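K.L.:
What follows is the file work.cif, containing mmCIF, C-alpha atoms and all ligand atoms:
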```cif
data_start
#
loop_
_atom_site.label_atom_id
_atom_site.label_comp_id
_atom_site.auth_asym_id
_atom_site.auth_seq_id
_atom_site.Cartn_x
_atom_site.Cartn_y
_atom_site.Cartn_z
CA MET A 1 -14.57 15.45 21.35
CA ILE A 2 -13.18 12.68 23.51
CA PHE A 3 -12.09 9.46 21.82
CA THR A 4 -11.01 6.26 23.51
CA LEU A 5 -8.93 3.57 21.84
CA THR A 6 -9.21 -0.09 22.84
CA MET A 7 -6.84 -2.32 20.90
CA ASN A 8 -7.53 -5.45 22.92
CA PRO A 9 -11.14 -5.54 24.11
CA CYS A 10 -12.93 -8.58 25.46
CA LEU A 11 -16.29 -9.77 26.65
CA ASP A 12 -16.68 -10.76 30.28
CA ARG A 13 -19.22 -13.56 30.65
CA TYR A 14 -20.35 -14.31 34.20
CA LEU A 15 -21.80 -17.78 34.76
CA TYR A 16 -23.65 -18.14 38.07
CA ILE A 17 -23.32 -21.65 39.45
CA ASP A 18 -24.32 -23.19 42.81
CA GLU A 19 -21.71 -25.93 42.86
CA LEU A 20 -18.83 -27.08 40.62
CA LYS A 21 -19.04 -30.86 40.40
CA VAL A 22 -16.58 -33.19 38.67
CA ASP A 23 -18.07 -35.62 36.09
CA ASP A 24 -21.54 -34.20 36.43
CA THR A 25 -23.59 -31.67 34.53
CA VAL A 26 -23.19 -28.27 36.11
CA ARG A 27 -26.30 -26.15 35.73
CA VAL A 28 -25.72 -22.50 35.02
CA ARG A 29 -28.49 -20.62 36.86
CA ARG A 30 -28.04 -17.47 34.78
CA PHE A 31 -25.34 -15.64 32.92
CA SER A 32 -24.61 -12.03 32.11
CA ASP A 33 -22.29 -10.45 29.57
CA TYR A 34 -20.40 -7.19 29.94
CA PRO A 35 -18.31 -5.38 27.38
CA ALA A 36 -14.78 -5.09 28.76
CA GLY A 37 -11.51 -3.56 27.69
CA LYS A 38 -10.06 -0.48 29.29
CA GLY A 39 -10.82 2.19 26.69
CA ILE A 40 -14.36 0.87 26.35
CA ASP A 41 -14.68 1.16 30.15
CA VAL A 42 -13.62 4.81 29.97
CA SER A 43 -16.28 5.50 27.33
CA ARG A 44 -18.97 3.68 29.34
CA VAL A 45 -18.19 5.73 32.44
CA ILE A 46 -18.33 8.97 30.47
CA ARG A 47 -21.73 7.90 29.13
CA GLU A 48 -22.98 6.98 32.61
CA LEU A 49 -21.94 10.41 33.88
CA GLY A 50 -23.84 12.15 31.07
CA GLY A 51 -20.92 12.92 28.77
CA VAL A 52 -20.16 11.94 25.19
CA SER A 53 -17.17 10.12 23.75
CA VAL A 54 -16.49 7.86 20.81
CA ALA A 55 -15.02 4.44 21.58
CA VAL A 56 -12.72 3.22 18.82
CA ALA A 57 -12.18 -0.52 19.24
CA LEU A 58 -10.90 -3.53 17.32
CA LEU A 59 -13.77 -6.01 17.26
CA GLY A 60 -14.12 -9.41 15.60
CA GLY A 61 -16.63 -12.20 15.08
CA ALA A 62 -19.81 -12.88 17.02
CA ILE A 63 -18.29 -11.74 20.31
CA GLY A 64 -17.35 -8.45 18.68
CA ARG A 65 -20.96 -8.05 17.51
CA LYS A 66 -22.19 -8.86 21.00
CA ILE A 67 -20.02 -6.05 22.39
CA GLU A 68 -21.47 -3.67 19.78
CA GLU A 69 -25.00 -4.64 20.89
CA LEU A 70 -24.15 -4.06 24.54
CA LEU A 71 -22.61 -0.67 23.74
CA ASP A 72 -25.70 0.21 21.69
CA SER A 73 -27.95 -0.64 24.59
CA GLU A 74 -25.91 1.59 26.89
CA GLY A 75 -25.90 4.44 24.39
CA VAL A 76 -22.13 4.43 23.96
CA ILE A 77 -21.05 5.79 20.58
CA TYR A 78 -18.38 3.62 18.96
CA THR A 79 -16.48 2.92 15.79
CA ALA A 80 -15.61 -0.71 15.26
CA ILE A 81 -12.52 -1.64 13.31
CA ARG A 82 -13.47 -5.14 12.23
CA VAL A 83 -10.76 -7.75 12.56
CA GLU A 84 -10.66 -11.37 11.41
CA PRO A 85 -10.09 -13.11 14.77
CA GLU A 86 -12.97 -13.29 17.19
CA THR A 87 -12.78 -10.87 20.12
CA ARG A 88 -11.51 -12.50 23.30
CA ILE A 89 -13.83 -13.76 25.98
CA ASN A 90 -13.24 -14.12 29.71
CA ILE A 91 -15.39 -16.64 31.48
CA ILE A 92 -15.99 -15.85 35.11
CA LEU A 93 -17.44 -18.74 37.07
CA GLN A 94 -19.23 -17.29 40.04
CA VAL A 95 -19.70 -20.23 42.40
CA LYS A 96 -21.46 -18.66 45.39
CA GLU A 97 -18.82 -16.28 46.82
CA LYS A 98 -15.92 -17.88 44.94
CA GLN A 99 -14.79 -16.63 41.56
CA TYR A 100 -12.82 -18.50 38.89
CA ARG A 101 -11.57 -16.35 36.00
CA LEU A 102 -10.81 -18.19 32.78
CA SER A 103 -9.19 -16.06 30.13
CA LEU A 104 -9.33 -17.43 26.59
CA PRO A 105 -6.37 -16.58 24.35
CA GLY A 106 -6.73 -14.03 21.59
CA GLU A 107 -5.51 -14.60 18.07
CA GLN A 108 -3.08 -12.61 15.99
CA VAL A 109 -4.48 -9.53 14.25
CA ASP A 110 -3.56 -8.88 10.61
CA ARG A 111 -1.10 -6.01 10.02
CA THR A 112 -3.40 -4.30 7.51
CA ARG A 113 -5.95 -3.88 10.31
CA LEU A 114 -3.39 -1.95 12.32
CA GLU A 115 -3.07 0.44 9.42
CA LYS A 116 -6.86 0.81 9.57
CA VAL A 117 -6.55 2.03 13.18
CA ARG A 118 -4.33 4.88 12.01
CA GLU A 119 -6.71 5.70 9.16
CA THR A 120 -9.74 5.70 11.44
CA LEU A 121 -8.08 8.00 13.95
CA GLN A 122 -6.96 10.26 11.12
CA ALA A 123 -10.52 10.49 9.85
CA LEU A 124 -11.92 11.30 13.29
CA VAL A 125 -9.43 13.18 15.45
CA ARG A 126 -9.01 16.93 15.10
CA GLU A 127 -6.71 19.42 16.81
CA GLY A 128 -7.75 19.95 20.43
CA ASP A 129 -9.55 16.60 20.73
CA VAL A 130 -8.73 14.31 23.62
CA VAL A 131 -7.73 10.68 23.02
CA VAL A 132 -7.59 8.16 25.85
CA ILE A 133 -5.56 5.08 24.94
CA SER A 134 -6.01 2.27 27.43
CA GLY A 135 -5.03 -1.32 27.92
CA SER A 136 -2.86 -3.94 26.26
CA LEU A 137 -2.24 -4.81 22.60
CA PRO A 138 -3.49 -7.89 20.75
CA ARG A 139 -1.14 -10.85 20.60
CA GLY A 140 1.76 -10.32 18.21
CA VAL A 141 1.52 -6.52 18.07
CA ASN A 142 4.79 -4.90 19.05
CA PRO A 143 4.65 -2.29 21.87
CA ASP A 144 6.13 0.28 19.47
CA PHE A 145 2.70 0.39 17.84
CA TYR A 146 1.74 2.64 20.76
CA THR A 147 4.82 4.83 20.20
CA GLY A 148 3.70 5.44 16.61
CA ILE A 149 0.03 6.07 17.39
CA ILE A 150 0.75 8.53 20.21
CA PHE A 151 3.40 10.33 18.18
CA MET A 152 0.95 10.72 15.31
CA LEU A 153 -1.88 11.98 17.55
CA LYS A 154 0.43 14.49 19.20
CA GLN A 155 1.49 15.78 15.78
CA TRP A 156 -2.16 16.39 14.91
CA GLY A 157 -2.57 18.47 18.07
CA ALA A 158 -4.61 16.00 20.14
CA ARG A 159 -4.29 15.74 23.92
CA VAL A 160 -3.36 12.14 24.72
CA TYR A 161 -3.90 10.20 27.95
CA PHE A 162 -2.25 6.81 28.06
CA ASP A 163 -3.03 4.05 30.55
CA SER A 164 -1.14 0.82 29.99
CA ASP A 165 1.42 -1.39 31.69
CA GLY A 166 4.98 -2.73 31.35
CA ASP A 167 6.60 -2.63 27.91
CA ASN A 168 3.49 -1.10 26.31
CA LEU A 169 3.57 1.76 28.80
CA LYS A 170 7.31 2.25 28.29
CA ALA A 171 6.87 2.31 24.51
CA GLY A 172 4.05 4.85 24.72
CA LEU A 173 6.08 7.13 26.99
CA ILE A 174 8.69 7.57 24.24
CA ALA A 175 6.12 9.53 22.22
CA GLU A 176 5.43 11.91 25.14
CA PRO A 177 1.69 11.60 25.79
CA ASP A 178 0.15 14.45 27.81
CA GLY A 179 -0.80 12.31 30.77
CA ILE A 180 -0.57 8.81 32.20
CA LYS A 181 -2.50 7.18 35.05
CA PRO A 182 -0.50 4.27 36.40
CA ASN A 183 -1.52 2.48 39.57
CA ILE A 184 1.22 1.88 42.11
CA HIS A 185 2.22 -1.48 40.60
CA GLU A 186 2.47 -0.04 37.09
CA LEU A 187 4.52 2.89 38.40
CA SER A 188 6.79 0.43 40.23
CA ARG A 189 7.31 -1.59 37.05
CA ILE A 190 8.22 1.37 34.83
CA SER A 191 10.49 2.94 37.43
CA GLY A 192 12.08 -0.32 38.57
CA LYS A 193 11.32 0.61 42.20
CA ASN A 194 9.28 -1.21 44.79
CA LEU A 195 6.82 1.54 45.69
CA SER A 196 4.23 1.45 48.45
CA GLU A 197 1.20 3.59 49.32
CA GLU A 198 2.80 4.12 52.72
CA ASP A 199 5.71 6.11 51.31
CA ILE A 200 3.87 8.91 49.53
CA ASP A 201 7.00 11.06 49.21
CA GLU A 202 8.71 8.34 47.20
CA VAL A 203 5.59 7.97 45.00
CA ILE A 204 5.61 11.74 44.39
CA ASN A 205 9.35 11.77 43.62
CA THR A 206 9.00 8.89 41.18
CA ALA A 207 5.95 10.41 39.45
CA THR A 208 7.78 13.75 39.16
CA GLU A 209 10.85 12.07 37.71
CA ILE A 210 8.82 10.12 35.13
CA LYS A 211 6.93 13.29 34.22
CA GLU A 212 10.12 15.25 33.71
CA VAL A 213 12.22 12.64 31.94
CA ASN A 214 9.42 11.90 29.47
CA ARG A 215 8.22 15.51 29.19
CA LEU A 216 4.63 14.70 30.19
CA LYS A 217 2.17 17.32 31.39
CA GLU A 218 0.74 15.18 34.14
CA VAL A 219 1.16 11.90 35.97
CA ILE A 220 -1.75 10.67 38.09
CA VAL A 221 -0.90 7.72 40.31
CA SER A 222 -3.97 5.88 41.57
CA LEU A 223 -3.55 4.21 44.94
CA GLY A 224 -6.70 2.09 45.28
CA GLY A 225 -8.41 2.80 48.61
CA GLU A 226 -5.70 5.36 49.41
CA GLY A 227 -6.95 7.64 46.62
CA ALA A 228 -4.51 9.19 44.17
CA ILE A 229 -1.62 11.60 43.67
CA PHE A 230 -1.65 14.17 40.87
CA VAL A 231 1.64 15.65 39.65
CA GLY A 232 1.19 18.22 36.92
CA GLU A 233 1.26 21.83 35.79
CA GLU A 234 -1.15 22.83 38.58
CA GLY A 235 1.18 21.43 41.25
CA ILE A 236 0.98 18.31 43.37
CA LEU A 237 -2.41 17.29 44.74
CA LYS A 238 -3.59 14.41 46.88
CA VAL A 239 -7.00 12.81 46.45
CA LYS A 240 -8.48 11.14 49.52
CA VAL A 241 -11.42 8.77 49.13
CA PRO A 242 -13.78 7.43 51.81
CA LYS A 243 -13.29 3.91 53.17
CA LEU A 244 -15.86 1.70 51.47
CA PRO A 245 -16.76 -1.98 51.47
CA VAL A 246 -15.16 -3.35 48.30
CA VAL A 247 -17.50 -5.54 46.23
CA SER A 248 -15.23 -5.51 43.15
CA ALA A 249 -12.45 -3.05 42.31
CA VAL A 250 -12.24 -4.11 38.64
CA GLY A 251 -12.37 -1.02 36.44
CA ALA A 252 -11.94 1.51 39.28
CA GLY A 253 -8.93 3.03 37.52
CA ASP A 254 -10.83 3.28 34.23
CA ALA A 255 -13.75 4.99 35.98
CA PHE A 256 -11.28 7.38 37.64
CA LEU A 257 -9.68 8.27 34.30
CA GLY A 258 -13.03 8.54 32.48
CA ALA A 259 -14.50 10.97 35.01
CA TYR A 260 -11.26 12.96 35.15
CA VAL A 261 -10.94 13.38 31.40
CA MET A 262 -14.62 14.23 31.00
CA LYS A 263 -14.53 16.93 33.68
CA ARG A 264 -11.26 18.42 32.41
CA THR A 265 -12.68 18.55 28.89
CA GLU A 266 -15.74 20.37 30.26
CA GLY A 267 -13.36 22.99 31.66
CA ALA A 268 -13.56 22.00 35.34
CA SER A 269 -10.74 23.01 37.69
CA ILE A 270 -8.12 20.42 38.57
CA GLU A 271 -9.63 20.05 42.08
CA GLU A 272 -13.14 19.53 40.71
CA ALA A 273 -11.96 17.02 38.08
CA LEU A 274 -9.99 15.03 40.67
CA LYS A 275 -12.98 15.02 43.01
CA TRP A 276 -15.17 13.50 40.29
CA ALA A 277 -12.41 11.05 39.41
CA GLY A 278 -12.01 9.91 43.02
CA ALA A 279 -15.78 9.56 43.43
CA ALA A 280 -16.16 7.59 40.16
CA GLY A 281 -13.33 5.22 41.14
CA ALA A 282 -14.79 4.76 44.62
CA ALA A 283 -18.32 4.22 43.25
CA THR A 284 -16.95 1.44 41.02
CA VAL A 285 -15.84 -0.66 43.99
CA LEU A 286 -19.47 -0.72 45.17
CA THR A 287 -20.68 -2.62 42.12
CA PRO A 288 -20.04 -6.32 41.46
CA GLY A 289 -17.78 -7.84 38.78
CA THR A 290 -17.21 -5.90 35.62
CA GLN A 291 -19.89 -3.33 36.40
CA LEU A 292 -18.55 0.19 36.61
CA CYS A 293 -19.90 3.14 38.60
CA ARG A 294 -23.50 4.30 38.90
CA LYS A 295 -24.05 8.02 38.57
CA GLU A 296 -26.17 8.18 41.72
CA ASP A 297 -23.32 6.67 43.77
CA VAL A 298 -20.81 9.07 42.22
CA LEU A 299 -23.00 12.05 43.13
CA ALA A 300 -23.51 10.73 46.66
CA LEU A 301 -19.74 10.25 47.13
CA LEU A 302 -18.63 13.59 45.66
CA ASN A 303 -18.54 15.54 48.90
CA ARG A 304 -16.83 12.69 50.72
CA VAL A 305 -13.77 12.94 48.45
CA GLU A 306 -11.12 15.42 49.56
CA VAL A 307 -8.58 17.03 47.27
CA GLU A 308 -5.65 18.61 49.05
CA LYS A 309 -2.95 20.73 47.41
CA ILE A 310 0.44 19.56 48.64
CA SER A 311 2.55 22.05 46.70
N1 LIG B 1 -11.03 0.31 48.15
C1 LIG B 1 -11.37 1.48 47.60
N2 LIG B 1 -12.12 2.35 48.28
C2 LIG B 1 -12.45 3.55 47.76
N3 LIG B 1 -12.05 3.95 46.53
C3 LIG B 1 -11.30 3.13 45.80
C4 LIG B 1 -10.91 1.84 46.29
N4 LIG B 1 -10.18 1.23 45.32
C5 LIG B 1 -10.11 2.11 44.28
N5 LIG B 1 -10.76 3.26 44.56
C6 LIG B 1 -10.90 4.45 43.70
O1 LIG B 1 -10.58 4.10 42.38
C7 LIG B 1 -9.39 4.77 41.93
C8 LIG B 1 -8.56 3.87 41.05
O2 LIG B 1 -8.23 2.69 41.75
P1 LIG B 1 -6.98 1.75 41.45
O3 LIG B 1 -5.74 2.40 41.91
O4 LIG B 1 -7.33 0.43 42.06
O5 LIG B 1 -7.00 1.67 39.86
P2 LIG B 1 -6.44 0.55 38.84
O6 LIG B 1 -5.54 -0.39 39.58
O7 LIG B 1 -5.90 1.26 37.67
O8 LIG B 1 -7.79 -0.21 38.43
P3 LIG B 1 -8.24 -0.90 37.03
O9 LIG B 1 -7.05 -0.92 36.13
O10 LIG B 1 -8.73 -2.26 37.42
O11 LIG B 1 -9.34 -0.09 36.49
C9 LIG B 1 -8.69 5.22 43.22
O12 LIG B 1 -7.89 6.36 42.97
C10 LIG B 1 -9.90 5.54 44.11
O13 LIG B 1 -10.46 6.78 43.74
MG MG B 2 -5.69 0.52 35.69
#
```
Rewrite the structure from the file as structure tokens, please.
Ligand SMILES: Nc1ncnc2c1ncn2[C@@H]1O[C@H](COP(=O)(O)OP(=O)(O)OP(=O)(O)O)[C@@H](O)[C@H]1O
Ligand SMILES: [Mg+2]

P.N.:
Amino acid sequence: MIFTLTMNPCLDRYLYIDELKVDDTVRVRRFSDYPAGKGIDVSRVIRELGGVSVAVALLGGAIGRKIEELLDSEGVIYTAIRVEPETRINIILQVKEKQYRLSLPGEQVDRTRLEKVRETLQALVREGDVVVISGSLPRGVNPDFYTGIIFMLKQWGARVYFDSDGDNLKAGLIAEPDGIKPNIHELSRISGKNLSEEDIDEVINTATEIKEVNRLKEVIVSLGGEGAIFVGEEGILKVKVPKLPVVSAVGAGDAFLGAYVMKRTEGASIEEALKWAGAAGAATVLTPGTQLCRKEDVLALLNRVEVEKIS
């Protein structure tokens, strides 16, 4: 089974407005809510592509319940670890073509709830299962929480993919997850280099170094419209994606990772899995806002994604 872990989910609420006026009532024409949070995204993509996973997420208050409802309506299986503080909400004001993103602060989560995360994973995860851990931690939780969780999962014989940033990513690496999927900015931050899509050799060298130093099985660096680089046991591969009009790239990396993990778990070859990953990421840029990929777009894009073995 595939599990995803989202420690810091949120709800994205889009308010559609014609004009923002000072000192006047602004009428919201309509609004839509989307569950957000990177592990939850991975689970939603797997569902969209016809696979099954269980999303483990910390959820609190009415917003937490709203996320559960939305996941129910999409058919995503989840386990909620209920927490006292209300789940965060992002308000996105869509004023014609302009977007204003307002991110409300999250509150501190009680330590006993963190223990509950370990218990829940212990109850669910068996040897050979895959766990995708994505995103940031709630306010006040030390990055070494990720070190502990990954270490524990590895001891139980799970295969762990970890997608985070900065100090959280560094802390997780200490526990030697099987794979990571940084984008170029995240890879730059953990390596202390200023990497660019234009210097692919330097990206490959850095990914290889991080893989070796931290004894990972694979590092997949996503490069936005430039595709991705895979460095792993099967060698070094480059994923090329078609040039597409970008409506919104939010969640493209999560879609990439979701499709990749799902296909690998089904036993697909590395080339096949990377093709699906590239197509799912690309299909996500075609949809607005927080919406992820549509299966029909992924299928249509599949044979436009090229996977080339570099070495
Ligand atoms: N402009 C684009 N055109 C085509 N495909 C794209 C584009 N941007 C992203 N993709 C696809 O999505 C994948 C992941 O993109 P990206 O590197 O932006 O991830 P990310 O920064 O981790 O995103 P997020 O964290 O918001 O989910 C790329 O490898 C590619 O397959
Ligand atoms: Mg990402």

K.L.:
I'd like to know which of A:Glu306, A:Glu296, A:Asp23, A:Asp254 is closest to ligand LIG 1 (chain B), using all atoms listed in the file.

P.N.:
A:Asp254

K.L.:
What gap, in Å, lies between CA of Gly75 in chain A and CA of Ser164 in chain A?

P.N.:
25.6 Å

K.L.:
Determine the nearest neighbour of ligand MG 2 (chain B) from the options A:Arg118, A:Lys21, A:Lys96, A:His185, counting all atoms listed in the file.

P.N.:
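Closest residue, counting all atoms listed in the file: A:His185.
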
K.L.:
May I ask which of the residues A:Val246, A:Leu274, A:Leu5, A:Val125 is the closest one to ligand LIG 1 (chain B), counting all atoms listed in the file?

P.N.:
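Among the listed residues, A:Val246 lies closest to ligand LIG 1 (chain B).
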
K.L.:
Ligand MG 2 (chain B): which residues are within 9 Å, counting only C-alpha atoms and all ligand atoms, as a ChimeraX atom specification?

P.N.:
/A:38,134-135,163-165,181-183,186,222,250-254,257

K.L.:
So that I can see what lies close to Ala57 in chain A, please list as a list in words the residues with an atom at most 8 Å from it, counting only C-alpha atoms and leaving out residues fewer than 4 positions away in the same chain.

P.N.:
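Neighbouring residues, sequence-local ones excluded: Leu5, Thr6, Met7, Asn8, Pro9, Ile40, Tyr78, Thr79, Ala80 and Ile81 of chain A.
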